[in-house]
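A.B. asks: The structure's right below; bear with me while I get my questions together.
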Amino acid sequence: MYSEQLIAEQLLKIKAVYLSPKVPFTWASGIKSPIYTDNRIILSYPESREIIESAIAETVRREYPECEVLMGTSTAGIPHAAIAATKLAMPMGYVRAKAKDHGRGNQIEGRLEKGQKVVVVEDLISTGGSCIDVVNVLREAGAEVLGIVSIYTYGLRKGIDRLAEAKVRNVSLTNFDVLIKVAADQHYIEEDEVEEIINFRNNL
């Protein structure tokens, strides 16, 4: 079994997660943040990629044994869903942010039959809005969404509440609290910066 600590170590090692309390990042929303996550970078590191994709596949087997199809979120969840589906010998597709304006006008790409049991693969959960949108599209198409497997979650209260309200279960490979502990233990950040970063998350 792949531990939350191991996944956090991999994300920090390849700089998929950046921590910079002294020179914060600006998120797309304009928020100044001491942490920035880009799990797309995982694809560029074969060793870490193998660990993380194997952990996704293992989590699907363990937490959602009835799963019949993996569906990736567009766009960052797509490659992770594809690799994990290959490991599981399972069908895979993905959900577009909006329906195409040409061809058949698909929003769901790949074959999905009504009643199929689906797990959504997401790279990152913050407020939960985008992955809940994906779940709703799949439900409207007649799928039975068992839940989500995400690589990382910030554990924001807004995201937790939204998922609960939508009756969506999420299982993350690792999370903010584990990552910050690993980062401090391995000297990616100083001890006096830990509280500052945790307070930032708690106040969002």
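Just so we're on the same page: first chain in the structure tokens is A, next is B, and so on; residues restart at 1 for each chain, and ligands are numbered from 1 in the order they show up.
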For Gln116 of chain A, please output as a VMD selection string all residues within 12 Å (counting only C-alpha atoms; exclusion window: fewer than 4 positions along the same chain).
C.D. replies: chain A and resid 66 to 71 91 to 92 111 to 112 138 to 139 141 to 146
A.B. asks: Output N, CA, C and O atoms for every residue in that selection, as a tab-separated table (two decimals), in the first residue's frame.
C.D. replies:
```tsv
chain	number	residue	atom	x	y	z
A	66	GLU	N	-16.15	-2.03	-7.14
A	66	GLU	CA	-17.19	-2.24	-8.14
A	66	GLU	C	-16.97	-1.41	-9.40
A	66	GLU	O	-17.73	-1.52	-10.38
A	67	CYS	N	-15.94	-0.58	-9.42
A	67	CYS	CA	-15.71	0.35	-10.53
A	67	CYS	C	-15.61	-0.39	-11.87
A	67	CYS	O	-14.93	-1.40	-11.98
A	68	GLU	N	-16.27	0.19	-12.88
A	68	GLU	CA	-16.23	-0.37	-14.24
A	68	GLU	C	-15.54	0.56	-15.24
A	68	GLU	O	-15.05	0.10	-16.27
A	69	VAL	N	-15.52	1.85	-14.96
A	69	VAL	CA	-14.96	2.84	-15.88
A	69	VAL	C	-14.27	3.95	-15.08
A	69	VAL	O	-14.81	4.38	-14.06
A	70	LEU	N	-13.12	4.40	-15.55
A	70	LEU	CA	-12.49	5.61	-14.99
A	70	LEU	C	-12.79	6.78	-15.91
A	70	LEU	O	-12.73	6.65	-17.14
A	71	MET	N	-13.08	7.92	-15.32
A	71	MET	CA	-13.31	9.14	-16.08
A	71	MET	C	-12.41	10.25	-15.55
A	71	MET	O	-12.44	10.57	-14.35
A	91	PRO	N	-11.89	0.32	-18.99
A	91	PRO	CA	-12.23	1.41	-19.91
A	91	PRO	C	-12.00	2.77	-19.26
A	91	PRO	O	-12.08	2.92	-18.03
A	92	MET	N	-11.76	3.76	-20.11
A	92	MET	CA	-11.49	5.11	-19.62
A	92	MET	C	-12.08	6.13	-20.59
A	92	MET	O	-12.18	5.89	-21.79
A	111	ARG	N	-16.58	5.75	-24.40
A	111	ARG	CA	-17.85	5.02	-24.32
A	111	ARG	C	-18.33	4.94	-22.88
A	111	ARG	O	-17.60	4.50	-21.99
A	112	LEU	N	-19.54	5.39	-22.64
A	112	LEU	CA	-20.16	5.31	-21.31
A	112	LEU	C	-21.59	4.84	-21.47
A	112	LEU	O	-22.38	5.49	-22.16
A	138	LEU	N	-21.78	13.32	-15.44
A	138	LEU	CA	-21.83	11.85	-15.52
A	138	LEU	C	-23.15	11.30	-14.99
A	138	LEU	O	-23.74	10.38	-15.57
A	139	ARG	N	-23.62	11.87	-13.89
A	139	ARG	CA	-24.90	11.44	-13.34
A	139	ARG	C	-26.04	11.71	-14.30
A	139	ARG	O	-26.94	10.88	-14.48
A	141	ALA	N	-25.87	11.71	-17.39
A	141	ALA	CA	-25.75	10.76	-18.51
A	141	ALA	C	-26.15	9.36	-18.09
A	141	ALA	O	-26.13	8.44	-18.92
A	142	GLY	N	-26.50	9.17	-16.82
A	142	GLY	CA	-26.99	7.88	-16.36
A	142	GLY	C	-25.95	7.02	-15.67
A	142	GLY	O	-26.24	5.87	-15.32
A	143	ALA	N	-24.75	7.56	-15.46
A	143	ALA	CA	-23.71	6.79	-14.76
A	143	ALA	C	-23.97	6.77	-13.27
A	143	ALA	O	-24.59	7.69	-12.71
A	144	GLU	N	-23.50	5.72	-12.61
A	144	GLU	CA	-23.49	5.66	-11.16
A	144	GLU	C	-22.08	6.04	-10.70
A	144	GLU	O	-21.15	5.24	-10.84
A	145	VAL	N	-21.93	7.24	-10.20
A	145	VAL	CA	-20.61	7.71	-9.78
A	145	VAL	C	-20.33	7.23	-8.36
A	145	VAL	O	-20.97	7.64	-7.41
A	146	LEU	N	-19.35	6.35	-8.25
A	146	LEU	CA	-18.99	5.80	-6.94
A	146	LEU	C	-18.22	6.80	-6.10
A	146	LEU	O	-18.33	6.81	-4.87
```
A.B. asks: I'd like the contact shell of Leu12 of chain A - 12 Å cut-off, only C-alpha atoms, skipping same-chain residues fewer than 2 positions apart - returned as a PyMOL selection string.
C.D. replies: chain A and resi 5-10+14-19+35-39+41-42+48+152+174+176+178-189
A.B. asks: Dump N, CA and C atoms for the selected residues as an mmCIF file, in the first residue's frame?
C.D. replies:
```
data_model
loop_
_atom_site.group_PDB
_atom_site.id
_atom_site.type_symbol
_atom_site.label_atom_id
_atom_site.label_comp_id
_atom_site.auth_asym_id
_atom_site.auth_seq_id
_atom_site.Cartn_x
_atom_site.Cartn_y
_atom_site.Cartn_z
ATOM 1 N N GLN A 5 2.439 9.704 3.072
ATOM 2 C CA GLN A 5 3.756 10.317 3.210
ATOM 3 C C GLN A 5 4.605 10.104 1.956
ATOM 4 N N LEU A 6 4.589 8.890 1.418
ATOM 5 C CA LEU A 6 5.364 8.603 0.210
ATOM 6 C C LEU A 6 4.909 9.479 -0.945
ATOM 7 N N ILE A 7 3.609 9.620 -1.124
ATOM 8 C CA ILE A 7 3.102 10.452 -2.228
ATOM 9 C C ILE A 7 3.514 11.906 -2.017
ATOM 10 N N ALA A 8 3.416 12.386 -0.777
ATOM 11 C CA ALA A 8 3.837 13.759 -0.477
ATOM 12 C C ALA A 8 5.322 13.946 -0.782
ATOM 13 N N GLU A 9 6.125 12.970 -0.415
ATOM 14 C CA GLU A 9 7.573 13.039 -0.696
ATOM 15 C C GLU A 9 7.836 13.157 -2.194
ATOM 16 N N GLN A 10 7.080 12.391 -2.985
ATOM 17 C CA GLN A 10 7.267 12.438 -4.436
ATOM 18 C C GLN A 10 6.880 13.809 -4.996
ATOM 19 N N ILE A 14 9.800 16.315 -6.898
ATOM 20 C CA ILE A 14 9.772 16.731 -8.298
ATOM 21 C C ILE A 14 9.252 18.158 -8.467
ATOM 22 N N LYS A 15 8.970 18.819 -7.351
ATOM 23 C CA LYS A 15 8.474 20.199 -7.344
ATOM 24 C C LYS A 15 7.127 20.327 -8.042
ATOM 25 N N ALA A 16 6.295 19.302 -7.874
ATOM 26 C CA ALA A 16 4.894 19.446 -8.286
ATOM 27 C C ALA A 16 4.181 20.371 -7.311
ATOM 28 N N VAL A 17 4.690 20.416 -6.073
ATOM 29 C CA VAL A 17 4.198 21.370 -5.073
ATOM 30 C C VAL A 17 5.352 22.296 -4.698
ATOM 31 N N TYR A 18 5.103 23.580 -4.822
ATOM 32 C CA TYR A 18 6.077 24.595 -4.437
ATOM 33 C C TYR A 18 5.624 25.254 -3.141
ATOM 34 N N LEU A 19 6.555 25.486 -2.237
ATOM 35 C CA LEU A 19 6.271 26.192 -0.992
ATOM 36 C C LEU A 19 7.178 27.414 -0.906
ATOM 37 N N ILE A 35 1.709 28.487 -1.225
ATOM 38 C CA ILE A 35 1.796 27.143 -1.803
ATOM 39 C C ILE A 35 1.174 27.144 -3.188
ATOM 40 N N TYR A 36 1.825 26.408 -4.095
ATOM 41 C CA TYR A 36 1.304 26.290 -5.454
ATOM 42 C C TYR A 36 1.491 24.848 -5.906
ATOM 43 N N THR A 37 0.462 24.278 -6.515
ATOM 44 C CA THR A 37 0.490 22.871 -6.920
ATOM 45 C C THR A 37 0.264 22.739 -8.416
ATOM 46 N N ASP A 38 1.132 21.968 -9.072
ATOM 47 C CA ASP A 38 0.990 21.678 -10.499
ATOM 48 C C ASP A 38 1.293 20.202 -10.719
ATOM 49 N N ASN A 39 0.254 19.363 -10.595
ATOM 50 C CA ASN A 39 0.458 17.927 -10.717
ATOM 51 C C ASN A 39 0.659 17.450 -12.146
ATOM 52 N N ILE A 41 3.168 18.163 -13.761
ATOM 53 C CA ILE A 41 4.610 17.916 -13.829
ATOM 54 C C ILE A 41 4.949 16.456 -13.521
ATOM 55 N N ILE A 42 4.048 15.747 -12.870
ATOM 56 C CA ILE A 42 4.277 14.335 -12.541
ATOM 57 C C ILE A 42 4.606 13.530 -13.800
ATOM 58 N N SER A 48 8.530 8.858 -10.233
ATOM 59 C CA SER A 48 7.412 9.376 -9.438
ATOM 60 C C SER A 48 6.084 9.071 -10.108
ATOM 61 N N TYR A 152 -4.163 14.881 -4.736
ATOM 62 C CA TYR A 152 -3.864 15.782 -3.621
ATOM 63 C C TYR A 152 -5.068 16.652 -3.326
ATOM 64 N N THR A 174 -2.783 11.902 -1.038
ATOM 65 C CA THR A 174 -2.162 12.629 0.062
ATOM 66 C C THR A 174 -2.888 13.954 0.223
ATOM 67 N N PHE A 176 -2.867 18.192 2.257
ATOM 68 C CA PHE A 176 -2.126 19.366 2.704
ATOM 69 C C PHE A 176 -1.394 19.117 4.024
ATOM 70 N N VAL A 178 -0.436 16.343 5.598
ATOM 71 C CA VAL A 178 0.671 15.395 5.487
ATOM 72 C C VAL A 178 1.837 16.046 4.754
ATOM 73 N N LEU A 179 1.519 16.749 3.675
ATOM 74 C CA LEU A 179 2.579 17.364 2.875
ATOM 75 C C LEU A 179 3.366 18.402 3.665
ATOM 76 N N ILE A 180 2.680 19.226 4.445
ATOM 77 C CA ILE A 180 3.368 20.253 5.222
ATOM 78 C C ILE A 180 4.266 19.620 6.290
ATOM 79 N N LYS A 181 3.807 18.538 6.887
ATOM 80 C CA LYS A 181 4.632 17.834 7.875
ATOM 81 C C LYS A 181 5.887 17.262 7.223
ATOM 82 N N VAL A 182 5.721 16.619 6.068
ATOM 83 C CA VAL A 182 6.872 16.070 5.348
ATOM 84 C C VAL A 182 7.817 17.197 4.928
ATOM 85 N N ALA A 183 7.253 18.299 4.455
ATOM 86 C CA ALA A 183 8.072 19.429 4.023
ATOM 87 C C ALA A 183 8.911 19.979 5.173
ATOM 88 N N ALA A 184 8.327 20.054 6.354
ATOM 89 C CA ALA A 184 9.074 20.543 7.523
ATOM 90 C C ALA A 184 10.122 19.527 7.954
ATOM 91 N N ASP A 185 9.748 18.251 7.996
ATOM 92 C CA ASP A 185 10.679 17.208 8.424
ATOM 93 C C ASP A 185 11.886 17.114 7.496
ATOM 94 N N GLN A 186 11.667 17.357 6.213
ATOM 95 C CA GLN A 186 12.743 17.229 5.229
ATOM 96 C C GLN A 186 13.344 18.572 4.833
ATOM 97 N N HIS A 187 12.993 19.610 5.586
ATOM 98 C CA HIS A 187 13.626 20.937 5.475
ATOM 99 C C HIS A 187 13.359 21.647 4.143
ATOM 100 N N TYR A 188 12.195 21.379 3.551
ATOM 101 C CA TYR A 188 11.769 22.199 2.422
ATOM 102 C C TYR A 188 11.316 23.566 2.930
ATOM 103 N N ILE A 189 10.822 23.590 4.161
ATOM 104 C CA ILE A 189 10.425 24.827 4.818
ATOM 105 C C ILE A 189 10.960 24.798 6.240
#
```
A.B. asks: Given the choices A:Glu190, A:Glu53, A:Glu122, A:Glu195, which gets closest to Asp177 of chain A if the distance is worked out from only C-alpha atoms?
C.D. replies: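 Nearest to Asp177 of chain A: A:Glu195.
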A.B. asks: Applying 8 Å and only C-alpha atoms, which residues near Gly72 of chain A remain after dropping the ones on its own chain fewer than 3 positions away? List them as a PyMOL selection string.
C.D. replies: chain A and resi 75-82+92-95+120-122
A.B. asks: Put those residues in a file: N, CA, C and O atoms, as a tab-separated table (two decimals), in the first residue's frame.
C.D. replies:
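selection.tsv, written as the output of this step:
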```tsv
chain	number	residue	atom	x	y	z
A	75	THR	N	-8.44	19.36	-17.89
A	75	THR	CA	-7.59	18.48	-18.67
A	75	THR	C	-6.59	17.70	-17.80
A	75	THR	O	-6.08	16.66	-18.23
A	76	ALA	N	-6.34	18.18	-16.60
A	76	ALA	CA	-5.24	17.63	-15.81
A	76	ALA	C	-5.48	16.20	-15.35
A	76	ALA	O	-4.52	15.44	-15.15
A	77	GLY	N	-6.73	15.79	-15.21
A	77	GLY	CA	-7.00	14.42	-14.75
A	77	GLY	C	-6.93	13.38	-15.85
A	77	GLY	O	-6.86	12.18	-15.56
A	78	ILE	N	-6.92	13.81	-17.11
A	78	ILE	CA	-7.01	12.88	-18.23
A	78	ILE	C	-5.84	11.89	-18.27
A	78	ILE	O	-6.05	10.67	-18.32
A	79	PRO	N	-4.58	12.37	-18.27
A	79	PRO	CA	-3.48	11.40	-18.38
A	79	PRO	C	-3.40	10.45	-17.19
A	79	PRO	O	-3.05	9.27	-17.35
A	80	HIS	N	-3.73	10.94	-16.00
A	80	HIS	CA	-3.68	10.08	-14.82
A	80	HIS	C	-4.76	8.99	-14.90
A	80	HIS	O	-4.52	7.84	-14.54
A	81	ALA	N	-5.94	9.36	-15.38
A	81	ALA	CA	-6.99	8.38	-15.57
A	81	ALA	C	-6.59	7.35	-16.62
A	81	ALA	O	-6.84	6.15	-16.47
A	82	ALA	N	-5.95	7.81	-17.70
A	82	ALA	CA	-5.56	6.91	-18.78
A	82	ALA	C	-4.52	5.89	-18.31
A	82	ALA	O	-4.62	4.70	-18.60
A	92	MET	N	-11.76	3.76	-20.11
A	92	MET	CA	-11.49	5.11	-19.62
A	92	MET	C	-12.08	6.13	-20.59
A	92	MET	O	-12.18	5.89	-21.79
A	93	GLY	N	-12.47	7.25	-20.05
A	93	GLY	CA	-12.89	8.38	-20.85
A	93	GLY	C	-12.61	9.65	-20.08
A	93	GLY	O	-11.91	9.64	-19.07
A	94	TYR	N	-13.16	10.76	-20.57
A	94	TYR	CA	-13.01	12.01	-19.81
A	94	TYR	C	-14.17	12.94	-20.09
A	94	TYR	O	-14.93	12.73	-21.04
A	95	VAL	N	-14.31	13.92	-19.23
A	95	VAL	CA	-15.41	14.87	-19.33
A	95	VAL	C	-14.86	16.25	-19.65
A	95	VAL	O	-13.99	16.76	-18.94
A	120	VAL	N	-14.20	8.95	-10.80
A	120	VAL	CA	-13.58	10.13	-11.41
A	120	VAL	C	-12.15	10.26	-10.89
A	120	VAL	O	-11.91	10.13	-9.70
A	121	VAL	N	-11.22	10.52	-11.81
A	121	VAL	CA	-9.83	10.74	-11.43
A	121	VAL	C	-9.52	12.23	-11.58
A	121	VAL	O	-9.67	12.80	-12.66
A	122	GLU	N	-9.09	12.85	-10.48
A	122	GLU	CA	-8.82	14.29	-10.42
A	122	GLU	C	-7.40	14.49	-9.91
A	122	GLU	O	-6.94	13.74	-9.04
```
A.B. asks: Output as a PyMOL selection string all residues of chain A that backbone DSSP marks as alpha helix (DSSP H).
C.D. replies: chain A and resi 4-13+46-63+77-88+129-140+157-165+176-185+191-202
